[in-house]
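Encoded as structure tokens, the structure appears first; notes follow it.
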Amino acid sequence: MSVAELEKIFQDKIDADGRIEPKDWMPEKYRQNLIRQISQHAHSEIVGMLPEGNWISRAPSLKRKLILLAKVQDEAGHGLYLYSAAETLGISRDEMTEQLLNGKAKYSSIFNYPTLTWADMGAIGWLVDGAAIMNQVPLCRTSYGPYSRAMIRVCKEESFHQRQGFEALLVLSKGSDDQRAMVQDAIDRWWWPSLMMFGPTDDASPNSQLSMKWKIKRFSNDELRQRFVDMIAEQVKLLGMTLPDPDLKWNEERKHYDFGAINWEEFWNVVSGNGPCNTQRLAARQKAWDEGAWVREAAVAHAEKRKSRRAVEAA
């Protein structure tokens, strides 16, 4: 069968909303596009544990500490699901980690910002995880089966993360003047980076066209960003807070909120490795990789020992 015929079968299956499985034929660009996206997603879940883990020992109560512990543990699990999904495409977890550490692979730019106060934990849950959910719910119907199935559980847990983040901010918003000021400060700092999480505008996104054709993505960056703005612009009213955008206003004709210009220079600067915490985040991952070498070596040795034992028993 020719490549053209295989491509037609592949595209027809996608157009019919079918799922591509690991043993199915797929174009090399489809495989590489998925590896890039899934590994970036997995790296983001793992690196995303760092800014929140910073506050586990400083949570204001045992209740908040337990919630934050559970949330960070969830993020670790999400990373494992996604690394496993990526491995079905023929790339090893070691290779993905090496690509992260040498700069070939990226993670979400949002995690290169510092968490300065306890209110940041609420803002991350509400805004960052809220943006993640907006991005990730359509991925439950992505065309690659293992990725789609992993995202179903991820999204269920992320929805809890967003609710607990909003609830934490709601409690603070009903507190003292200092607590309310802390909430507003956190929103001011995390709002614009959260909008950047959806990626560059559609006309500046090099991978969007193919991703939409192959139904890896179901909606464009700008569509998802607009949905997020519309949602958060209403929810912030319940907190009695404001979003740091003087251009934010309801557009009756469009039936959407208009919002101000995003600082794309800042976005690309952070993506390029020059954000406030880029060096710190990668140093933490490098340290974990180096110090975990003995665990990986022991696991391989144990697996080889079991394999040899089974071979002897079968002889």
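Residue numbering restarts at 1 in every chain; chains get A, B, ... in the order shown in the structure tokens, and ligands count up from 1 in that same order.
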Residues at most 6 Å from segment 157-172 of chain A, counting only C-alpha atoms, excluding those fewer than 2 positions away in the same chain, as a list in words?
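The filter keeps Gly122, Gly125, Trp126, Asp129, Gly130, Val154, Cys155, Lys174, Gly175, Gln179 and Leu239 of chain A.
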Could you write out, as a list in words, all the residues of segment 129-275 of chain A that DSSP marks as strand (DSSP E)?
Lys249, Trp250, Asn251, His256, Tyr257 and Asp258 of chain A
Go through A:Met231, A:Pro22, A:Pro193, A:Glu52 one by one, measure the shortest atom-to-atom distance of each to Asp74 of chain A using only C-alpha atoms, and give the residue with the smallest value.
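That would be A:Glu52, the residue with the smallest distance to Asp74 of chain A.
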List the neighbours of Gln280 of chain A out to 12 Å using only C-alpha atoms; skip same-chain residues closer than 4 positions along the sequence, and give me the result as a ChimeraX atom specification.
/A:47,50-51,111-114,273-276,284-287
Option closest in space to Val137 of chain A, from A:Met241, A:Arg218, A:Gly90, A:Glu75 [counting only C-alpha atoms]
A:Arg218
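The list of residues with at least one atom within 10 Å of Ser84 of chain A, based on only C-alpha atoms and without residues fewer than 4 positions apart in the same chain, reads Ile38, Ser39, Ala42, His78, Gly79, Leu80, Thr88, Leu89, Ile91, Ser92, Arg93, Pro146, Tyr147 and Ala150 of chain A.
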Restrict the selected residues to N, CA, C and O atoms and save them as a PDB file, in the first residue's frame.
ATOM      1  N   ILE A  38       2.666  16.152  24.071  1.00  0.00           N
ATOM      2  CA  ILE A  38       2.443  15.337  25.265  1.00  0.00           C
ATOM      3  C   ILE A  38       3.620  15.457  26.230  1.00  0.00           C
ATOM      4  O   ILE A  38       3.443  15.549  27.446  1.00  0.00           O
ATOM      5  N   SER A  39       4.849  15.456  25.706  1.00  0.00           N
ATOM      6  CA  SER A  39       6.008  15.571  26.599  1.00  0.00           C
ATOM      7  C   SER A  39       6.033  16.943  27.264  1.00  0.00           C
ATOM      8  O   SER A  39       6.343  17.058  28.452  1.00  0.00           O
ATOM      9  N   ALA A  42       3.536  16.760  29.992  1.00  0.00           N
ATOM     10  CA  ALA A  42       4.044  15.974  31.120  1.00  0.00           C
ATOM     11  C   ALA A  42       5.079  16.764  31.918  1.00  0.00           C
ATOM     12  O   ALA A  42       5.038  16.804  33.157  1.00  0.00           O
ATOM     13  N   HIS A  78      -0.379  13.015  37.178  1.00  0.00           N
ATOM     14  CA  HIS A  78      -0.674  13.462  35.817  1.00  0.00           C
ATOM     15  C   HIS A  78       0.568  13.342  34.934  1.00  0.00           C
ATOM     16  O   HIS A  78       0.476  12.924  33.776  1.00  0.00           O
ATOM     17  N   GLY A  79       1.701  13.741  35.493  1.00  0.00           N
ATOM     18  CA  GLY A  79       2.942  13.625  34.733  1.00  0.00           C
ATOM     19  C   GLY A  79       3.215  12.187  34.333  1.00  0.00           C
ATOM     20  O   GLY A  79       3.616  11.904  33.188  1.00  0.00           O
ATOM     21  N   LEU A  80       2.983  11.239  35.258  1.00  0.00           N
ATOM     22  CA  LEU A  80       3.226   9.825  34.953  1.00  0.00           C
ATOM     23  C   LEU A  80       2.281   9.310  33.876  1.00  0.00           C
ATOM     24  O   LEU A  80       2.692   8.561  32.977  1.00  0.00           O
ATOM     25  N   THR A  88       4.162   5.442  24.263  1.00  0.00           N
ATOM     26  CA  THR A  88       3.533   4.594  23.246  1.00  0.00           C
ATOM     27  C   THR A  88       3.873   5.059  21.836  1.00  0.00           C
ATOM     28  O   THR A  88       3.604   4.350  20.868  1.00  0.00           O
ATOM     29  N   LEU A  89       4.475   6.253  21.714  1.00  0.00           N
ATOM     30  CA  LEU A  89       4.865   6.794  20.411  1.00  0.00           C
ATOM     31  C   LEU A  89       6.315   6.471  20.069  1.00  0.00           C
ATOM     32  O   LEU A  89       6.836   6.928  19.058  1.00  0.00           O
ATOM     33  N   ILE A  91       9.143   6.912  22.169  1.00  0.00           N
ATOM     34  CA  ILE A  91      10.175   7.694  22.832  1.00  0.00           C
ATOM     35  C   ILE A  91      10.249   7.258  24.289  1.00  0.00           C
ATOM     36  O   ILE A  91       9.220   6.961  24.906  1.00  0.00           O
ATOM     37  N   SER A  92      11.441   7.182  24.848  1.00  0.00           N
ATOM     38  CA  SER A  92      11.582   6.732  26.235  1.00  0.00           C
ATOM     39  C   SER A  92      11.455   7.907  27.192  1.00  0.00           C
ATOM     40  O   SER A  92      11.655   9.066  26.821  1.00  0.00           O
ATOM     41  N   ARG A  93      11.144   7.590  28.433  1.00  0.00           N
ATOM     42  CA  ARG A  93      11.040   8.627  29.457  1.00  0.00           C
ATOM     43  C   ARG A  93      12.393   9.287  29.698  1.00  0.00           C
ATOM     44  O   ARG A  93      12.471  10.500  29.917  1.00  0.00           O
ATOM     45  N   PRO A 146      -4.307   6.919  23.444  1.00  0.00           N
ATOM     46  CA  PRO A 146      -3.698   6.936  24.780  1.00  0.00           C
ATOM     47  C   PRO A 146      -3.715   8.326  25.429  1.00  0.00           C
ATOM     48  O   PRO A 146      -3.903   8.439  26.644  1.00  0.00           O
ATOM     49  N   TYR A 147      -3.536   9.368  24.644  1.00  0.00           N
ATOM     50  CA  TYR A 147      -3.575  10.740  25.162  1.00  0.00           C
ATOM     51  C   TYR A 147      -4.990  11.092  25.602  1.00  0.00           C
ATOM     52  O   TYR A 147      -5.208  11.643  26.681  1.00  0.00           O
ATOM     53  N   ALA A 150      -5.860   9.277  28.886  1.00  0.00           N
ATOM     54  CA  ALA A 150      -5.153   9.848  30.038  1.00  0.00           C
ATOM     55  C   ALA A 150      -5.809  11.149  30.484  1.00  0.00           C
ATOM     56  O   ALA A 150      -5.910  11.437  31.682  1.00  0.00           O
TER      57      ALA A 150
END
Selection: 12 Å around Asp94 of chain A, only C-alpha atoms, excl. self and same-chain fewer than 4 positions, as a PyMOL selection string:
chain A and resi 39+83-84+86-87+90+98-101+289-290+292-293+296-297
Keeping all heavy atoms, export the residues of the selection given above as a compact mmCIF listing (two decimals), in the first residue's frame.
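And here is the file that came out, result_2.txt:
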# COMPACT_ATOMS: atom_id res chain seq x y z
N SER A 39 4.85 15.46 25.71
CA SER A 39 6.01 15.57 26.60
C SER A 39 6.03 16.94 27.26
O SER A 39 6.34 17.06 28.45
CB SER A 39 7.31 15.31 25.85
OG SER A 39 7.58 16.33 24.89
N TYR A 83 3.62 10.85 30.55
CA TYR A 83 4.86 10.22 30.09
C TYR A 83 4.56 8.84 29.51
O TYR A 83 5.12 8.45 28.49
CB TYR A 83 5.87 10.10 31.23
CG TYR A 83 6.60 11.38 31.58
CD1 TYR A 83 6.70 11.81 32.90
CD2 TYR A 83 7.19 12.17 30.59
CE1 TYR A 83 7.37 12.98 33.23
CE2 TYR A 83 7.86 13.33 30.91
CZ TYR A 83 7.95 13.74 32.23
OH TYR A 83 8.61 14.90 32.55
N SER A 84 3.67 8.11 30.16
CA SER A 84 3.30 6.78 29.66
C SER A 84 2.63 6.87 28.30
O SER A 84 2.89 6.04 27.41
CB SER A 84 2.37 6.09 30.66
OG SER A 84 3.04 5.83 31.89
N ALA A 86 3.08 9.22 26.08
CA ALA A 86 4.12 9.59 25.10
C ALA A 86 5.00 8.39 24.74
O ALA A 86 5.43 8.25 23.59
CB ALA A 86 4.98 10.73 25.64
N GLU A 87 5.25 7.52 25.71
CA GLU A 87 6.10 6.35 25.46
C GLU A 87 5.50 5.42 24.41
O GLU A 87 6.23 4.71 23.72
CB GLU A 87 6.34 5.59 26.76
CG GLU A 87 7.35 6.27 27.68
CD GLU A 87 7.53 5.54 29.00
OE1 GLU A 87 6.52 5.11 29.60
OE2 GLU A 87 8.68 5.42 29.44
N GLY A 90 6.97 5.70 20.94
CA GLY A 90 8.32 5.23 20.63
C GLY A 90 9.44 6.06 21.21
O GLY A 90 10.59 5.92 20.79
N GLU A 98 15.86 14.07 29.17
CA GLU A 98 17.09 14.66 28.64
C GLU A 98 16.79 15.83 27.71
O GLU A 98 17.49 16.85 27.72
CB GLU A 98 17.91 13.58 27.91
CG GLU A 98 18.55 12.58 28.87
CD GLU A 98 19.02 11.31 28.18
OE1 GLU A 98 18.87 11.23 26.92
OE2 GLU A 98 19.53 10.41 28.87
N GLN A 99 15.72 15.73 26.94
CA GLN A 99 15.32 16.84 26.06
C GLN A 99 14.89 18.05 26.87
O GLN A 99 15.14 19.20 26.47
CB GLN A 99 14.20 16.39 25.12
CG GLN A 99 14.65 15.43 24.04
CD GLN A 99 13.52 14.96 23.16
OE1 GLN A 99 12.34 15.25 23.41
NE2 GLN A 99 13.84 14.23 22.10
N LEU A 100 14.24 17.81 28.00
CA LEU A 100 13.86 18.93 28.87
C LEU A 100 15.10 19.62 29.43
O LEU A 100 15.22 20.85 29.40
CB LEU A 100 12.99 18.42 30.02
CG LEU A 100 12.70 19.44 31.14
CD1 LEU A 100 11.82 20.57 30.63
CD2 LEU A 100 12.05 18.76 32.34
N LEU A 101 16.04 18.81 29.91
CA LEU A 101 17.21 19.37 30.58
C LEU A 101 18.18 20.06 29.61
O LEU A 101 18.88 20.99 30.00
CB LEU A 101 17.93 18.26 31.35
CG LEU A 101 17.12 17.63 32.50
CD1 LEU A 101 17.89 16.50 33.14
CD2 LEU A 101 16.76 18.69 33.55
N TRP A 289 17.07 14.54 38.72
CA TRP A 289 17.52 13.55 37.73
C TRP A 289 18.84 12.92 38.16
O TRP A 289 19.01 11.70 38.14
CB TRP A 289 17.65 14.22 36.38
CG TRP A 289 18.13 13.34 35.27
CD1 TRP A 289 19.34 13.39 34.63
CD2 TRP A 289 17.41 12.27 34.63
NE1 TRP A 289 19.42 12.45 33.65
CE2 TRP A 289 18.25 11.74 33.62
CE3 TRP A 289 16.14 11.73 34.81
CZ2 TRP A 289 17.86 10.69 32.81
CZ3 TRP A 289 15.76 10.67 34.01
CH2 TRP A 289 16.60 10.16 33.02
N ASP A 290 19.76 13.75 38.59
CA ASP A 290 21.08 13.24 39.00
C ASP A 290 20.98 12.38 40.26
O ASP A 290 21.56 11.31 40.33
CB ASP A 290 22.03 14.42 39.26
CG ASP A 290 22.38 15.18 37.99
OD1 ASP A 290 22.16 14.62 36.90
OD2 ASP A 290 22.83 16.33 38.09
N GLY A 292 18.45 10.81 41.35
CA GLY A 292 17.61 9.62 41.16
C GLY A 292 18.25 8.57 40.27
O GLY A 292 17.62 7.54 39.99
N ALA A 293 19.49 8.81 39.85
CA ALA A 293 20.16 7.86 38.95
C ALA A 293 20.24 6.46 39.56
O ALA A 293 20.02 5.46 38.88
CB ALA A 293 21.55 8.37 38.58
N ARG A 296 16.96 4.51 39.19
CA ARG A 296 16.77 4.00 37.83
C ARG A 296 17.67 2.79 37.57
O ARG A 296 17.24 1.79 36.99
CB ARG A 296 17.03 5.10 36.80
CG ARG A 296 16.07 6.28 36.91
CD ARG A 296 16.20 7.23 35.72
NE ARG A 296 17.52 7.83 35.61
CZ ARG A 296 17.92 8.92 36.27
NH1 ARG A 296 17.09 9.50 37.13
NH2 ARG A 296 19.12 9.42 36.10
N GLU A 297 18.92 2.88 38.01
CA GLU A 297 19.86 1.77 37.81
C GLU A 297 19.41 0.53 38.58
O GLU A 297 19.50 -0.60 38.07
CB GLU A 297 21.26 2.20 38.26
CG GLU A 297 21.88 3.27 37.37
CD GLU A 297 23.10 3.92 37.98
OE1 GLU A 297 23.48 3.52 39.12
OE2 GLU A 297 23.67 4.84 37.38
Selection near segment 65-69 of chain A, 9 Å with only C-alpha atoms, sequence-local residues under 4 positions removed, as a list of chain:residue names:
A:Glu52, A:Gly53, A:Trp55, A:Ile56, A:Ser57, A:Arg58, A:Ala59, A:Pro60, A:Ser61, A:Gln73, A:Asp74, A:Met121, A:Gln164
Could you please take those selected residues and save N, CA and C atoms as a PDB file, in the first residue's frame?
ATOM      1  N   GLU A  52       4.256  25.130  43.943  1.00  0.00           N
ATOM      2  CA  GLU A  52       3.278  24.822  44.991  1.00  0.00           C
ATOM      3  C   GLU A  52       3.925  24.076  46.158  1.00  0.00           C
ATOM      4  N   GLY A  53       4.850  23.178  45.837  1.00  0.00           N
ATOM      5  CA  GLY A  53       5.553  22.462  46.899  1.00  0.00           C
ATOM      6  C   GLY A  53       6.280  23.409  47.836  1.00  0.00           C
ATOM      7  N   TRP A  55       5.130  25.854  49.221  1.00  0.00           N
ATOM      8  CA  TRP A  55       4.242  26.359  50.276  1.00  0.00           C
ATOM      9  C   TRP A  55       3.664  25.269  51.172  1.00  0.00           C
ATOM     10  N   ILE A  56       4.008  24.013  50.935  1.00  0.00           N
ATOM     11  CA  ILE A  56       3.433  22.933  51.752  1.00  0.00           C
ATOM     12  C   ILE A  56       3.773  23.125  53.229  1.00  0.00           C
ATOM     13  N   SER A  57       5.015  23.428  53.528  1.00  0.00           N
ATOM     14  CA  SER A  57       5.420  23.575  54.932  1.00  0.00           C
ATOM     15  C   SER A  57       4.960  24.889  55.548  1.00  0.00           C
ATOM     16  N   ARG A  58       4.441  25.803  54.724  1.00  0.00           N
ATOM     17  CA  ARG A  58       4.030  27.113  55.222  1.00  0.00           C
ATOM     18  C   ARG A  58       2.533  27.357  55.093  1.00  0.00           C
ATOM     19  N   ALA A  59       1.778  26.302  54.790  1.00  0.00           N
ATOM     20  CA  ALA A  59       0.320  26.452  54.687  1.00  0.00           C
ATOM     21  C   ALA A  59      -0.250  26.939  56.017  1.00  0.00           C
ATOM     22  N   PRO A  60      -1.293  27.762  55.990  1.00  0.00           N
ATOM     23  CA  PRO A  60      -1.788  28.388  57.222  1.00  0.00           C
ATOM     24  C   PRO A  60      -2.546  27.463  58.167  1.00  0.00           C
ATOM     25  N   SER A  61      -2.907  26.278  57.738  1.00  0.00           N
ATOM     26  CA  SER A  61      -3.623  25.345  58.616  1.00  0.00           C
ATOM     27  C   SER A  61      -3.366  23.924  58.144  1.00  0.00           C
ATOM     28  N   GLN A  73       0.443  15.910  44.784  1.00  0.00           N
ATOM     29  CA  GLN A  73       0.504  14.475  44.480  1.00  0.00           C
ATOM     30  C   GLN A  73      -0.247  14.176  43.184  1.00  0.00           C
ATOM     31  N   ASP A  74      -1.397  14.828  42.995  1.00  0.00           N
ATOM     32  CA  ASP A  74      -2.147  14.662  41.745  1.00  0.00           C
ATOM     33  C   ASP A  74      -1.301  15.061  40.541  1.00  0.00           C
ATOM     34  N   MET A 121      -1.312  30.417  45.997  1.00  0.00           N
ATOM     35  CA  MET A 121      -1.795  29.040  45.883  1.00  0.00           C
ATOM     36  C   MET A 121      -3.246  29.033  45.392  1.00  0.00           C
ATOM     37  N   GLN A 164     -10.871  24.223  44.479  1.00  0.00           N
ATOM     38  CA  GLN A 164     -10.239  24.494  45.771  1.00  0.00           C
ATOM     39  C   GLN A 164      -9.460  25.806  45.732  1.00  0.00           C
TER      40      GLN A 164
END
Mind the document's chain letters and residue numbers, and return as a ChimeraX atom specification the residues of segment 51-119 of chain A that DSSP labels alpha helix (DSSP H).
/A:51-53,62-87,93-101,119
Go ahead and write the selection's residues with C-alpha atoms as a PDB file, in the first residue's frame.
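Final file, out01.pdb:
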ATOM      1  CA  PRO A  51       6.064  26.463  42.960  1.00  0.00           C
ATOM      2  CA  GLU A  52       3.278  24.822  44.991  1.00  0.00           C
ATOM      3  CA  GLY A  53       5.553  22.462  46.899  1.00  0.00           C
ATOM      4  CA  LEU A  62      -3.531  21.552  58.621  1.00  0.00           C
ATOM      5  CA  LYS A  63      -6.572  21.529  56.327  1.00  0.00           C
ATOM      6  CA  ARG A  64      -4.840  23.700  53.756  1.00  0.00           C
ATOM      7  CA  LYS A  65      -1.656  21.664  54.030  1.00  0.00           C
ATOM      8  CA  LEU A  66      -3.519  18.408  53.348  1.00  0.00           C
ATOM      9  CA  ILE A  67      -5.305  19.938  50.347  1.00  0.00           C
ATOM     10  CA  LEU A  68      -2.054  21.234  48.901  1.00  0.00           C
ATOM     11  CA  LEU A  69      -0.290  17.903  49.489  1.00  0.00           C
ATOM     12  CA  ALA A  70      -3.075  16.085  47.666  1.00  0.00           C
ATOM     13  CA  LYS A  71      -2.934  18.570  44.798  1.00  0.00           C
ATOM     14  CA  VAL A  72       0.839  18.266  44.341  1.00  0.00           C
ATOM     15  CA  GLN A  73       0.504  14.475  44.480  1.00  0.00           C
ATOM     16  CA  ASP A  74      -2.147  14.662  41.745  1.00  0.00           C
ATOM     17  CA  GLU A  75       0.216  16.663  39.536  1.00  0.00           C
ATOM     18  CA  ALA A  76       2.878  13.960  39.903  1.00  0.00           C
ATOM     19  CA  GLY A  77       0.326  11.374  38.823  1.00  0.00           C
ATOM     20  CA  HIS A  78      -0.674  13.462  35.817  1.00  0.00           C
ATOM     21  CA  GLY A  79       2.942  13.625  34.733  1.00  0.00           C
ATOM     22  CA  LEU A  80       3.226   9.825  34.953  1.00  0.00           C
ATOM     23  CA  TYR A  81       0.038   9.272  32.900  1.00  0.00           C
ATOM     24  CA  LEU A  82       1.324  11.613  30.213  1.00  0.00           C
ATOM     25  CA  TYR A  83       4.860  10.225  30.090  1.00  0.00           C
ATOM     26  CA  SER A  84       3.302   6.779  29.665  1.00  0.00           C
ATOM     27  CA  ALA A  85       1.095   8.053  26.818  1.00  0.00           C
ATOM     28  CA  ALA A  86       4.124   9.590  25.096  1.00  0.00           C
ATOM     29  CA  GLU A  87       6.100   6.348  25.459  1.00  0.00           C
ATOM     30  CA  ARG A  93      11.040   8.627  29.457  1.00  0.00           C
ATOM     31  CA  ASP A  94      14.796   9.067  29.796  1.00  0.00           C
ATOM     32  CA  GLU A  95      14.956  10.682  26.367  1.00  0.00           C
ATOM     33  CA  MET A  96      12.092  13.046  27.192  1.00  0.00           C
ATOM     34  CA  THR A  97      13.794  14.111  30.415  1.00  0.00           C
ATOM     35  CA  GLU A  98      17.094  14.657  28.636  1.00  0.00           C
ATOM     36  CA  GLN A  99      15.323  16.835  26.063  1.00  0.00           C
ATOM     37  CA  LEU A 100      13.862  18.930  28.875  1.00  0.00           C
ATOM     38  CA  LEU A 101      17.207  19.373  30.577  1.00  0.00           C
ATOM     39  CA  ALA A 119      -2.812  33.766  48.040  1.00  0.00           C
TER      40      ALA A 119
END
Would you compute the distance between atom CA of Asp230 of chain A and atom CA of Tyr257 of chain A? Give it in Å to one decimal.
5.8 Å
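Nearest-residue note for Val183 of chain A: choosing from A:Ala4, A:Ile110, A:Ile124, A:Ala131, the minimum distance belongs to A:Ile124, counting only C-alpha atoms.
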Interatomic distance between atom CA of Arg36 of chain A and atom CA of Asp24 of chain A?
19.0 Å
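Proximity ranking of A:Cys140, A:Ala186, A:Ala233, A:Met151 relative to Asp120 of chain A places A:Ala186 first, based on only C-alpha atoms.
Here the question is which of A:Met196, A:Leu127, A:Ala204, A:Ala315 gets nearest to Ala261 of chain A using only C-alpha atoms, and that residue is A:Met196.
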